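Each remark here refers to the structure printed beneath this line.
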Amino acid sequence: MSNDFYTLNVNGEDHQVADSWAGESLLWVLRERLGFPGAKNACEEGECGSCSVRIGEEVVCSCLVLAGSAVEQEITTIEGLSAEGELGDVQQAFIDAGAVQCGFCTPGLLVTIDHLLEKNENPDDLTVREAISGNLCRCTGYGRILEAVQMAAASRRGENHE
Amino acid sequence: MSDVKTETPTSSSRIGDSAPRPDGIPKVKGTFAFSSDLWHEKMLWGGTLRSPYPAARINKLDITEALLIDGVHTVLTHEDVPGEAVYGLEHADQPVMAAEVVRYEGEPVAIVAADHPEIVRRALAAIKVEYEEMVPLTDPETAESVGHIHPDGNVFRKINLRHGDQEIQGDVQVEGVYEVGMQDQAFLGPESGLAVPGEDGGVDLYVSTQWLHADRRQVASCLGMREEDVRITLAGVGGAFGAREDLSLHVHLCMLAMRTNRPVKMVYSREESFHGHVHRHPAKMWYRHHADREGNLVRVEARVLLDGGAYASSSGAVIANAACFAAGPYRIPNANIEGIVVRTNNPPCGAMRGFGAVQTCMGHEAQMDKLATALNIDPVEIRLKNALKTGDQLLTGQTITGTAPVAEVIRTCAEHVPSYQESSDLMSLPGGAGRTADPEHISRGEAIAVGFKNLMFSEGFDDFSSAVCHLENGVATITCACAEVGQGFVTLAQQITREILGVEEVVLAPAATETVGSAGSTSASRQTWMSGGAVQKACEEVRLQLLQRLAEEHKVSVDDLVLVEGQALSLNGDFSINIDEASENPLEARVEYRHAPTFPLDEDGQGDAHVSFAFAAHRAVVDVDPELGLVKVVELVTSQDVGRLLNPLQAIGQLEGGAAQGVGLAVMEEVLVTDGNIRNASFTDYLIPTALDMPPVEIAAIIEQPEPGAPFGAKGIGEPPSISSTAAVVAAIREATNLELPRVPVRLTDIVSVEELS
Amino acid sequence: MPVTVARSLDHALAALEECPEALILAGGTDVMVQVNKGSLSVDQVVAIGRVPELQGWSREGDWLHLGAGVTYSEMMGKEISSMVPALAQASRTVGSPQIRNAGTIGGNLGTSSPAGDTLPTLFALEAVLTIRSSAGIRKLPINQFVVGVKQNALQPGELIEKISVPVLEGPQEFCKIGPRNAMVISVASFTLLSDVKENQVRSCLGTVGPVPIRPTEAENLLSNGVNWEKNEVSSEVLEAFASLCADAAQPIDDHRGSAAYRRHAIKILSRRAACRIFSEDHS
């Protein structure tokens, strides 16, 4: 156990992490120390994407980030993707398209898709599939998820999605 | 993320609408509490020591060193189990913790509670176990003849179905031996929970599960406590698919909490999860189909062997299903089906979506294709010719009295013209980003398969669900212990209540053993019928109570009153009242709902053992690279018989999701077991379909022929999508390669021929 | 403080000098898997993910120098993929987008797995590694760096600074077999690079030996057998090339594939890769 502390910037705010074990992953610290259980722990070996968070400009698996090394980075979790009390467009699309069943993969997917649509406002089917190929879903078969992405993309482009 | 809407509930939706899930908003915000998200200020962490051997005697178990580690609060073994040493769904044959022997790799041997998971890890490493390895029983074909590896013997169940003429021969006969590998449910949410010791000497357990009350029965038994002192509340479930029907960490967690008098949380790692739950039974099936020259089925003979692994779980019910549905949704005038499920030292097997019918569907559909080839009849034609319909008899002698639109399911699936546009990108070829092939290397195949199974439990099981409806100030509160595992029962519960009571606001109380009776398991495609039925019944009773109250107060006839859009109205327009006001004085109904009784199978496997059946067909198009054995499923079309569509969007989700699991079993999913050891207990090597592997699933037809006796006429829809999908994909690969492919999952080396490899 | 987040190369090297056994952590995509499992305990860590000298790449004449911290996503970018297409193709097959954003070429070398996806191309290019320690600097050709299954020549206190590869002129192919279309560990892989200036091909087999294998006999046969003016090669030469590549493989049986399959796969992949680069003269 370390008596030192370090500071993580999560969703725009600084959080101190004290009394930690050196090997704790960012995922674990977010969930068990900082009160951000949104990122999930389906595999903790980088094979499912349920722990996806944004660090700076990139989406990464937070289970593969050593928490103590993530200092001075802008970490954004699912909890930080939309303002308090509001739903972002991808979140709303997930609900409208029926893309949520058990919901365990949902936070990771939302972080990934939010990032995708920032970079690409009109991704085709294959592009979306490749972008979410690191996010496993066991319930949906991805059909409604892909539909949700197109709905959100259309909404961002200002169109009405058919 | 650009903000669009504030968090307001969408408009009310009733039966038949694509109502949005009530838990959708917390799930997309990341605030929904799954069982691994639970947290308590004073909580300790729990962990489990598991046997590395599939069969061994435990000669010595020394926990003294572990106890000395700073931060360890307790270490417990089988000696500390307060009540019954064993538990089980059908038979109590599985130890809470191993005493003298371990019978499968991963069997729990000791449990620990400590301040931090790292301390738990060190404590587990410090427990000294002296194992004496034994030779594991790993070949299910020998299980019957070798020495017993358990006092209850090596055969869980043997079942024989003898239907009609046992000797009759067909002019054409086709034979085959088929194998299905061990599939895993691979739900994403790990086994997890929180146990909190009660001040009254009881315990509160928050856990992901499929059946709260079955858990409570077993946990109480093992803790030596009364059932009412074990209070189980459903925590958020991250998928189940059969894997949470049995206990996993439940007793362990409660023992740790009660011994330390602290809340204890436990979360399995993914690797531990593979060892910690039951898998789909691997199967070996021999079939001989007899037909006449026109293609009418004359007799089916089959022997189905399932490997149940170390403990019973629900193996008895699985083999019965496999046997009863062994020949598929066809008219079979004569049959002898032998089913056996055995105990081995392989990983324990139990419920997984499809429950025995997945395995036999792969067999019977391969056989139907062989017949079609032998008779030079089109594969769709031969299926239509033999398709079951209402009034036909099953292999069990039971007559189908409900709906059975099998021909329509097949025809619509076969005739559907897909609208999906294929991509010409090389990424869409087998191999994907691996760039292993060009279009000229690819062979395409297409095939259809049909499957079915029963809904609800069978063979005389007392299958029921319970619900409470409470109406007060215009708000309806529904309490039902139906485990929501992602399938969307919570949405249906609201839709049903709104439909019957005409109110907008429907609150779902937590699913808990303390407040409501059993809802049965979330499995067997039963909850829409059973818990939907219970909610319907409870709401109907409250509705009647309310109408009777109003009828008395306002001197009108009950028959003249309706509840609609928040109002109670008399049909003649004389009066109306807000339901808010009318229910200021609360009304409540507490009900149990049962389906029509089923009956046991006799010694010939004959009897009215089932309530209802659901049918589905899949048509698969696959691209195969025959030189490398790589496969890409290009397209999947499906038709399904649903009775009545209660929520179209959620139904689509089940059809697409179940098909994905079928695709997985066809081409990539297998728990690889060698000498009783799992070689791929991780998502690195247990592969489930990603978005790049899964084709679009096009729904050719959702066939609504209301099922008599079913609440709203609706059949369960969860399992059929996972049954014929595997069979369709492997049949399409056969078309593309001209290979027999008697085994799923189809591996690279199944397609690349032996000659090519030498 | 168990975790040192290095801000410069000197800072990293000083930390490593002080604690030569420290875990070097860049993207974490291999190391953290083991940490999470509990099979790697964490005492001292030097996190080098933000060392500026390890980021980015530069072109010097015919050489491309890649910082050890360059990620797979970066290697898929336009510039690198135009200079070393096979490296970009290989990067696209690694893990998932999340893994590609974090994983680095230095990490792939540091892990030295037989299935490492950048390694076949780097071997074919005869990449040169620049290795730094507080004691100094040394350069090592890659085939002297990756020496066995998860074994390399990195000494305690050292880290990889950059990887230098020649920029060849000519088409390149990297192919990898996995049982699923995303997130797969290679069952077998193959890289083929054509060098039209030297009228030579270079190739490498991946995942079919303890380290990547240069099938030199096959390379010579193809280099000499190609009609470089017409960019054509005969079917006989292609067959012989493929056979020699397969012969050079030293595959094993494991739960991901059999030796026989792997050898067969190399034969198929090598022929197909060559057919993409050269036209087949059927006469």
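Following the order of the structure tokens, first chain is A, next is B, and so on, with residues numbered from 1 inside each chain and ligands from 1 in the order they appear.
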Contact set, chain A to chain B: 8 Å, only C-alpha atoms, as a CSV table (one decimal) with N, CA, C and O atoms, in the first residue's frame:
chain,number,residue,atom,x,y,z
A,21,TRP,N,-3.1,0.7,-4.0
A,21,TRP,CA,-2.1,-0.3,-4.4
A,21,TRP,C,-1.6,0.1,-5.8
A,21,TRP,O,-2.3,0.5,-6.6
A,31,ARG,N,-14.1,3.0,-10.7
A,31,ARG,CA,-15.2,2.3,-10.2
A,31,ARG,C,-15.3,2.2,-8.6
A,31,ARG,O,-16.3,2.5,-8.0
A,32,GLU,N,-14.2,1.8,-8.0
A,32,GLU,CA,-14.2,1.5,-6.6
A,32,GLU,C,-13.7,2.6,-5.7
A,32,GLU,O,-13.9,2.6,-4.5
A,37,PRO,N,-18.9,4.2,-11.5
A,37,PRO,CA,-19.0,2.8,-11.9
A,37,PRO,C,-19.5,2.6,-13.3
A,37,PRO,O,-19.8,1.5,-13.7
A,38,GLY,N,-19.6,3.7,-14.1
A,38,GLY,CA,-20.2,3.6,-15.4
A,38,GLY,C,-19.3,2.6,-16.3
A,38,GLY,O,-19.9,1.8,-17.0
A,39,ALA,N,-18.0,2.8,-16.3
A,39,ALA,CA,-17.2,1.9,-17.1
A,39,ALA,C,-17.2,0.5,-16.5
A,39,ALA,O,-17.2,0.4,-15.2
A,41,ASN,N,-16.5,-3.9,-16.1
A,41,ASN,CA,-15.4,-4.8,-15.9
A,41,ASN,C,-15.8,-6.2,-16.4
A,41,ASN,O,-15.7,-7.2,-15.7
A,42,ALA,N,-16.1,-6.3,-17.7
A,42,ALA,CA,-16.6,-7.6,-18.3
A,42,ALA,C,-15.4,-8.5,-18.4
A,42,ALA,O,-15.6,-9.7,-18.5
A,43,CYS,N,-14.2,-8.0,-18.6
A,43,CYS,CA,-13.1,-9.0,-18.9
A,43,CYS,C,-11.8,-8.6,-18.3
A,43,CYS,O,-11.0,-9.4,-17.9
A,44,GLU,N,-11.5,-7.3,-18.1
A,44,GLU,CA,-10.3,-6.7,-17.6
A,44,GLU,C,-9.0,-7.3,-18.2
A,44,GLU,O,-8.0,-7.5,-17.6
A,47,GLU,N,-10.3,-7.2,-24.0
A,47,GLU,CA,-10.9,-8.0,-25.1
A,47,GLU,C,-12.4,-7.7,-25.3
A,47,GLU,O,-13.0,-8.3,-26.1
A,48,CYS,N,-12.9,-6.7,-24.5
A,48,CYS,CA,-14.4,-6.5,-24.6
A,48,CYS,C,-14.8,-5.1,-24.8
A,48,CYS,O,-15.9,-4.8,-25.2
A,78,ILE,N,-18.3,7.7,-19.2
A,78,ILE,CA,-19.7,7.7,-19.6
A,78,ILE,C,-20.4,8.8,-18.8
A,78,ILE,O,-21.3,9.5,-19.3
A,79,GLU,N,-20.1,8.9,-17.6
A,79,GLU,CA,-20.8,9.8,-16.7
A,79,GLU,C,-20.5,11.3,-17.2
A,79,GLU,O,-21.3,12.2,-16.8
A,81,LEU,N,-20.2,12.2,-20.4
A,81,LEU,CA,-20.5,12.4,-21.8
A,81,LEU,C,-21.7,13.4,-22.0
A,81,LEU,O,-21.8,13.9,-23.1
A,82,SER,N,-22.5,13.6,-21.1
A,82,SER,CA,-23.6,14.6,-21.3
A,82,SER,C,-23.8,15.3,-20.0
A,82,SER,O,-23.4,14.9,-18.9
A,83,ALA,N,-24.4,16.5,-20.1
A,83,ALA,CA,-24.6,17.3,-19.0
A,83,ALA,C,-25.5,16.7,-18.0
A,83,ALA,O,-26.3,15.8,-18.3
A,85,GLY,N,-28.4,15.6,-15.9
A,85,GLY,CA,-29.9,15.6,-16.1
A,85,GLY,C,-30.3,15.6,-17.6
A,85,GLY,O,-31.5,15.6,-17.9
A,86,GLU,N,-29.3,15.5,-18.5
A,86,GLU,CA,-29.7,15.5,-19.9
A,86,GLU,C,-29.1,14.3,-20.6
A,86,GLU,O,-28.2,13.6,-20.1
A,87,LEU,N,-29.7,14.0,-21.7
A,87,LEU,CA,-29.2,12.9,-22.5
A,87,LEU,C,-28.6,13.4,-23.8
A,87,LEU,O,-29.1,14.2,-24.5
A,88,GLY,N,-27.4,12.9,-24.1
A,88,GLY,CA,-26.8,13.2,-25.4
A,88,GLY,C,-27.5,12.6,-26.5
A,88,GLY,O,-28.3,11.7,-26.3
A,89,ASP,N,-27.2,12.9,-27.7
A,89,ASP,CA,-27.9,12.4,-28.9
A,89,ASP,C,-27.7,10.9,-29.1
A,89,ASP,O,-28.6,10.2,-29.5
A,90,VAL,N,-26.5,10.5,-28.9
A,90,VAL,CA,-26.2,9.0,-29.1
A,90,VAL,C,-26.9,8.2,-28.0
A,90,VAL,O,-27.5,7.2,-28.2
A,91,GLN,N,-27.0,8.8,-26.8
A,91,GLN,CA,-27.7,8.1,-25.7
A,91,GLN,C,-29.2,8.0,-26.0
A,91,GLN,O,-29.8,6.9,-25.9
A,92,GLN,N,-29.7,9.1,-26.5
A,92,GLN,CA,-31.1,9.1,-26.9
A,92,GLN,C,-31.4,8.1,-28.0
A,92,GLN,O,-32.4,7.3,-28.0
A,94,PHE,N,-29.8,5.4,-28.7
A,94,PHE,CA,-29.7,4.0,-28.2
A,94,PHE,C,-31.0,3.6,-27.6
A,94,PHE,O,-31.5,2.5,-27.8
A,95,ILE,N,-31.7,4.5,-26.9
A,95,ILE,CA,-33.0,4.2,-26.3
A,95,ILE,C,-34.0,4.0,-27.4
A,95,ILE,O,-34.8,3.1,-27.5
A,96,ASP,N,-34.0,5.0,-28.3
A,96,ASP,CA,-35.1,5.0,-29.4
A,96,ASP,C,-34.9,3.8,-30.3
A,96,ASP,O,-35.9,3.3,-30.8
A,97,ALA,N,-33.7,3.4,-30.6
A,97,ALA,CA,-33.5,2.3,-31.5
A,97,ALA,C,-33.6,0.9,-30.9
A,97,ALA,O,-33.4,-0.1,-31.5
A,98,GLY,N,-33.8,0.9,-29.6
A,98,GLY,CA,-33.8,-0.4,-28.9
A,98,GLY,C,-32.5,-1.1,-28.8
A,98,GLY,O,-32.4,-2.3,-28.7
A,99,ALA,N,-31.4,-0.3,-28.7
A,99,ALA,CA,-30.1,-0.8,-28.7
A,99,ALA,C,-29.6,-1.2,-27.3
A,99,ALA,O,-28.4,-1.6,-27.1
A,100,VAL,N,-30.4,-1.1,-26.3
A,100,VAL,CA,-30.1,-1.4,-24.9
A,100,VAL,C,-30.9,-2.6,-24.5
A,100,VAL,O,-32.1,-2.6,-24.4
A,101,GLN,N,-30.2,-3.7,-24.1
A,101,GLN,CA,-30.8,-4.8,-23.5
A,101,GLN,C,-30.3,-5.0,-22.1
A,101,GLN,O,-30.8,-4.3,-21.2
A,102,CYS,N,-29.3,-5.8,-21.8
A,102,CYS,CA,-28.9,-5.8,-20.4
A,102,CYS,C,-28.1,-4.5,-20.1
A,102,CYS,O,-28.1,-4.1,-18.9
A,103,GLY,N,-27.5,-3.9,-21.0
A,103,GLY,CA,-26.9,-2.6,-20.8
A,103,GLY,C,-25.4,-2.6,-20.4
A,103,GLY,O,-24.8,-1.6,-20.2
A,104,PHE,N,-24.8,-3.8,-20.3
A,104,PHE,CA,-23.5,-3.9,-19.7
A,104,PHE,C,-22.5,-3.3,-20.7
A,104,PHE,O,-21.5,-2.7,-20.3
A,105,CYS,N,-22.7,-3.5,-22.0
A,105,CYS,CA,-21.8,-3.0,-23.0
A,105,CYS,C,-22.0,-1.6,-23.4
A,105,CYS,O,-21.2,-0.9,-24.0
A,106,THR,N,-23.2,-1.1,-22.9
A,106,THR,CA,-23.6,0.2,-23.4
A,106,THR,C,-22.7,1.4,-23.1
A,106,THR,O,-22.4,2.2,-24.0
A,107,PRO,N,-22.2,1.5,-21.8
A,107,PRO,CA,-21.3,2.7,-21.6
A,107,PRO,C,-20.1,2.7,-22.5
A,107,PRO,O,-19.7,3.7,-23.1
A,110,LEU,N,-21.1,3.7,-26.0
A,110,LEU,CA,-21.4,5.2,-26.1
A,110,LEU,C,-20.2,6.0,-26.2
A,110,LEU,O,-20.1,7.0,-27.0
A,114,ASP,N,-19.5,8.1,-29.6
A,114,ASP,CA,-19.4,9.5,-29.5
A,114,ASP,C,-18.1,10.0,-30.2
A,114,ASP,O,-18.1,11.0,-30.9
A,126,LEU,N,-19.8,-0.5,-42.7
A,126,LEU,CA,-18.5,-1.2,-42.4
A,126,LEU,C,-17.6,-0.3,-41.5
A,126,LEU,O,-17.0,-0.9,-40.6
A,129,ARG,N,-19.0,-0.7,-38.0
A,129,ARG,CA,-18.6,-2.0,-37.5
A,129,ARG,C,-17.2,-2.1,-37.1
A,129,ARG,O,-16.9,-2.7,-36.0
A,130,GLU,N,-16.3,-1.6,-37.9
A,130,GLU,CA,-14.9,-1.6,-37.5
A,130,GLU,C,-14.6,-0.7,-36.3
A,130,GLU,O,-13.9,-1.1,-35.4
A,132,ILE,N,-16.6,-0.2,-33.8
A,132,ILE,CA,-17.1,-0.8,-32.6
A,132,ILE,C,-16.7,-2.2,-32.5
A,132,ILE,O,-17.2,-3.0,-31.7
A,133,SER,N,-15.7,-2.7,-33.3
A,133,SER,CA,-15.3,-4.1,-33.3
A,133,SER,C,-14.6,-4.5,-32.0
A,133,SER,O,-14.5,-5.6,-31.7
A,134,GLY,N,-14.2,-3.5,-31.2
A,134,GLY,CA,-13.6,-3.8,-29.9
A,134,GLY,C,-14.6,-3.7,-28.8
A,134,GLY,O,-14.2,-3.7,-27.6
A,135,ASN,N,-15.9,-3.5,-29.1
A,135,ASN,CA,-16.9,-3.5,-28.1
A,135,ASN,C,-17.8,-4.7,-28.3
A,135,ASN,O,-18.6,-4.8,-29.2
A,136,LEU,N,-17.7,-5.7,-27.4
A,136,LEU,CA,-18.5,-6.9,-27.5
A,136,LEU,C,-19.9,-6.6,-26.9
A,136,LEU,O,-20.0,-6.0,-25.9
A,137,CYS,N,-20.9,-7.2,-27.6
A,137,CYS,CA,-22.2,-7.2,-27.1
A,137,CYS,C,-22.7,-8.6,-27.2
A,137,CYS,O,-22.6,-9.2,-28.3
A,138,ARG,N,-23.3,-9.1,-26.2
A,138,ARG,CA,-23.8,-10.5,-26.2
A,138,ARG,C,-25.3,-10.6,-26.4
A,138,ARG,O,-25.8,-11.6,-26.7
A,139,CYS,N,-26.0,-9.5,-26.1
A,139,CYS,CA,-27.4,-9.5,-26.1
A,139,CYS,C,-28.0,-9.1,-27.5
A,139,CYS,O,-29.0,-9.7,-27.9
A,140,THR,N,-27.5,-8.1,-28.1
A,140,THR,CA,-28.2,-7.5,-29.3
A,140,THR,C,-27.9,-8.0,-30.6
A,140,THR,O,-28.7,-7.8,-31.6
A,141,GLY,N,-26.7,-8.6,-30.8
A,141,GLY,CA,-26.3,-9.0,-32.2
A,141,GLY,C,-26.0,-7.7,-33.0
A,141,GLY,O,-25.8,-7.8,-34.2
A,142,TYR,N,-25.9,-6.6,-32.4
A,142,TYR,CA,-25.4,-5.3,-33.0
A,142,TYR,C,-26.4,-4.6,-33.9
A,142,TYR,O,-26.2,-3.5,-34.3
A,143,GLY,N,-27.5,-5.3,-34.3
A,143,GLY,CA,-28.4,-4.7,-35.3
A,143,GLY,C,-28.9,-3.3,-34.8
A,143,GLY,O,-28.8,-2.3,-35.5
A,144,ARG,N,-29.5,-3.3,-33.6
A,144,ARG,CA,-30.1,-2.1,-33.1
A,144,ARG,C,-29.0,-1.0,-32.8
A,144,ARG,O,-29.3,0.2,-32.8
A,156,ARG,N,-27.1,14.5,-36.0
A,156,ARG,CA,-26.1,15.5,-35.9
A,156,ARG,C,-25.9,16.3,-37.2
A,156,ARG,O,-25.5,17.4,-37.2
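The list of residues with at least one atom within 6 Å of segment 222-227 of chain B, based on only C-alpha atoms and without residues fewer than 4 positions apart in the same chain, reads Pro82, Gly83 and Glu84 of chain B.
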Neighbours of chain C in chain A at 9 Å, counting only C-alpha atoms, as JSON, numbers by chain | {"A": [2, 3, 4, 5, 21, 22, 23, 24, 25, 44, 45, 46, 47, 48, 49, 52, 58, 59, 60, 61, 63, 64, 65, 66, 68, 69, 70, 71, 112, 130, 131, 132, 133, 134, 135]}
Would you put the residues from that selection into a file with N, CA, C and O atoms, as a compact mmCIF listing (two decimals), in the first residue's frame?
# COMPACT_ATOMS: atom_id res chain seq x y z
N SER A 2 0.44 2.20 -0.75
CA SER A 2 1.22 3.43 -0.81
C SER A 2 0.57 4.50 0.04
O SER A 2 -0.65 4.65 0.03
N ASN A 3 1.36 5.21 0.79
CA ASN A 3 0.81 6.32 1.57
C ASN A 3 0.74 7.60 0.77
O ASN A 3 0.17 8.58 1.20
N ASP A 4 1.35 7.58 -0.42
CA ASP A 4 1.30 8.78 -1.25
C ASP A 4 -0.06 8.86 -1.92
O ASP A 4 -0.85 7.92 -1.89
N PHE A 5 -0.32 10.00 -2.50
CA PHE A 5 -1.53 10.10 -3.28
C PHE A 5 -1.18 10.64 -4.65
O PHE A 5 -0.12 11.19 -4.87
N TRP A 21 -3.07 0.67 -3.99
CA TRP A 21 -2.08 -0.32 -4.39
C TRP A 21 -1.56 0.06 -5.76
O TRP A 21 -2.31 0.48 -6.62
N ALA A 22 -0.27 -0.18 -5.95
CA ALA A 22 0.36 0.30 -7.17
C ALA A 22 -0.24 -0.31 -8.42
O ALA A 22 -0.29 0.31 -9.47
N GLY A 23 -0.74 -1.55 -8.31
CA GLY A 23 -1.20 -2.24 -9.52
C GLY A 23 -2.64 -1.95 -9.91
O GLY A 23 -3.15 -2.55 -10.85
N GLU A 24 -3.29 -1.02 -9.24
CA GLU A 24 -4.69 -0.77 -9.55
C GLU A 24 -4.84 -0.15 -10.94
O GLU A 24 -4.16 0.80 -11.28
N SER A 25 -5.78 -0.67 -11.70
CA SER A 25 -6.02 -0.12 -13.04
C SER A 25 -6.89 1.12 -12.92
O SER A 25 -7.58 1.32 -11.90
N GLU A 44 -11.52 -7.28 -18.13
CA GLU A 44 -10.27 -6.75 -17.56
C GLU A 44 -9.03 -7.30 -18.23
O GLU A 44 -7.99 -7.47 -17.60
N GLU A 45 -9.14 -7.56 -19.54
CA GLU A 45 -7.95 -7.95 -20.30
C GLU A 45 -7.96 -7.36 -21.70
O GLU A 45 -7.31 -7.85 -22.60
N GLY A 46 -8.72 -6.29 -21.88
CA GLY A 46 -8.68 -5.58 -23.15
C GLY A 46 -9.39 -6.27 -24.30
O GLY A 46 -9.16 -5.95 -25.45
N GLU A 47 -10.27 -7.20 -23.98
CA GLU A 47 -10.90 -7.98 -25.07
C GLU A 47 -12.37 -7.67 -25.27
O GLU A 47 -13.01 -8.29 -26.11
N CYS A 48 -12.94 -6.71 -24.51
CA CYS A 48 -14.39 -6.54 -24.63
C CYS A 48 -14.81 -5.09 -24.80
O CYS A 48 -15.93 -4.83 -25.22
N GLY A 49 -13.98 -4.14 -24.43
CA GLY A 49 -14.33 -2.73 -24.61
C GLY A 49 -15.33 -2.18 -23.63
O GLY A 49 -15.68 -0.99 -23.72
N SER A 52 -14.25 1.05 -21.83
CA SER A 52 -13.74 2.14 -22.66
C SER A 52 -13.99 3.50 -22.03
O SER A 52 -15.10 3.81 -21.59
N GLU A 58 -8.26 10.21 -27.34
CA GLU A 58 -8.38 8.82 -27.77
C GLU A 58 -9.29 8.01 -26.86
O GLU A 58 -9.39 8.27 -25.67
N VAL A 59 -9.89 6.98 -27.45
CA VAL A 59 -10.66 6.02 -26.67
C VAL A 59 -9.78 4.82 -26.39
O VAL A 59 -9.19 4.25 -27.31
N VAL A 60 -9.66 4.46 -25.12
CA VAL A 60 -8.81 3.33 -24.74
C VAL A 60 -9.55 2.46 -23.74
O VAL A 60 -10.57 2.86 -23.19
N CYS A 61 -9.00 1.28 -23.50
CA CYS A 61 -9.53 0.40 -22.46
C CYS A 61 -8.94 0.85 -21.12
O CYS A 61 -7.73 0.76 -20.92
N CYS A 63 -9.12 -0.60 -18.38
CA CYS A 63 -8.58 -1.72 -17.61
C CYS A 63 -7.10 -1.91 -17.91
O CYS A 63 -6.38 -2.55 -17.14
N LEU A 64 -6.64 -1.37 -19.04
CA LEU A 64 -5.24 -1.54 -19.42
C LEU A 64 -4.40 -0.31 -19.10
O LEU A 64 -3.25 -0.21 -19.50
N VAL A 65 -4.99 0.64 -18.38
CA VAL A 65 -4.26 1.83 -17.97
C VAL A 65 -3.94 1.72 -16.49
O VAL A 65 -4.84 1.50 -15.67
N LEU A 66 -2.68 1.82 -16.15
CA LEU A 66 -2.31 1.84 -14.73
C LEU A 66 -2.75 3.18 -14.17
O LEU A 66 -2.36 4.22 -14.66
N GLY A 68 -2.11 4.99 -11.67
CA GLY A 68 -1.09 5.96 -11.23
C GLY A 68 -0.35 6.62 -12.38
O GLY A 68 0.32 7.63 -12.18
N SER A 69 -0.50 6.08 -13.58
CA SER A 69 0.20 6.68 -14.72
C SER A 69 -0.70 7.62 -15.50
O SER A 69 -0.26 8.27 -16.45
N ALA A 70 -1.97 7.70 -15.10
CA ALA A 70 -2.91 8.50 -15.87
C ALA A 70 -3.04 9.92 -15.34
O ALA A 70 -4.02 10.62 -15.61
N VAL A 71 -2.05 10.35 -14.59
CA VAL A 71 -2.09 11.70 -14.03
C VAL A 71 -1.95 12.73 -15.14
O VAL A 71 -1.41 12.46 -16.20
N THR A 112 -17.24 5.03 -27.33
CA THR A 112 -16.62 4.75 -28.62
C THR A 112 -17.37 5.47 -29.75
O THR A 112 -16.76 6.06 -30.65
N GLU A 130 -16.31 -1.56 -37.90
CA GLU A 130 -14.90 -1.62 -37.51
C GLU A 130 -14.65 -0.75 -36.28
O GLU A 130 -13.88 -1.12 -35.40
N ALA A 131 -15.31 0.38 -36.21
CA ALA A 131 -15.09 1.28 -35.08
C ALA A 131 -15.55 0.65 -33.77
O ALA A 131 -14.97 0.91 -32.72
N ILE A 132 -16.60 -0.16 -33.83
CA ILE A 132 -17.09 -0.79 -32.60
C ILE A 132 -16.67 -2.24 -32.49
O ILE A 132 -17.19 -2.98 -31.65
N SER A 133 -15.71 -2.66 -33.32
CA SER A 133 -15.30 -4.07 -33.31
C SER A 133 -14.64 -4.46 -32.00
O SER A 133 -14.48 -5.62 -31.70
N GLY A 134 -14.23 -3.47 -31.23
CA GLY A 134 -13.63 -3.76 -29.93
C GLY A 134 -14.62 -3.68 -28.79
O GLY A 134 -14.22 -3.73 -27.63
N ASN A 135 -15.89 -3.55 -29.10
CA ASN A 135 -16.93 -3.52 -28.07
C ASN A 135 -17.83 -4.73 -28.26
O ASN A 135 -18.64 -4.78 -29.19
Do a neighbour search on segment 70-77 of chain B at 12 Å with only C-alpha atoms, toss out local chain neighbours closer than 5 positions, and write the hits as number ranges by chain.
-> A: 1; B: 43-50, 60-65, 82, 85, 95-100, 108-124, 126-127, 129, 251-264
Test item: chain C residues at most 8 Å from chain B, counting only C-alpha atoms, as a VMD selection string = chain C and resid 38 89 to 90 92 to 93 174 to 185 255 to 256 260 to 261 263 to 265 268 to 269 272
DSSP on the backbone: what in segment 110-321 of chain B comes out helix (DSSP H, G or I), as a PyMOL selection string?
-> chain B and resi 117-126+140-142+212-223+227-229+250-260+270-276+315-321
Please return as a PyMOL selection string: the residues of segment 14-253 of chain C that backbone DSSP assigns to strand (DSSP E or B).
-> chain C and resi 23-25+45-47+57-60+63-67+71+104+128-133+136-141+146-148+151-152+159-166+172-177+188-195+200-206+213+227+232-234
Would you mind listing what lies within 7 Å of segment 54-67 of chain C as an MDAnalysis selection string, with only C-alpha atoms counted and same-chain residues fewer than 3 positions away left out?
-> chainID C and resid 51 70 161:167
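The neighbours of Met368 of chain B here are the residues that come within 9 Å of it, using only C-alpha atoms and leaving out any residue fewer than 3 positions away in the same chain; they are Val174, His289, Gly363, His364, Glu365, Leu371, Ala372, Thr373, Pro379, Ile382 and Arg383 of chain B.
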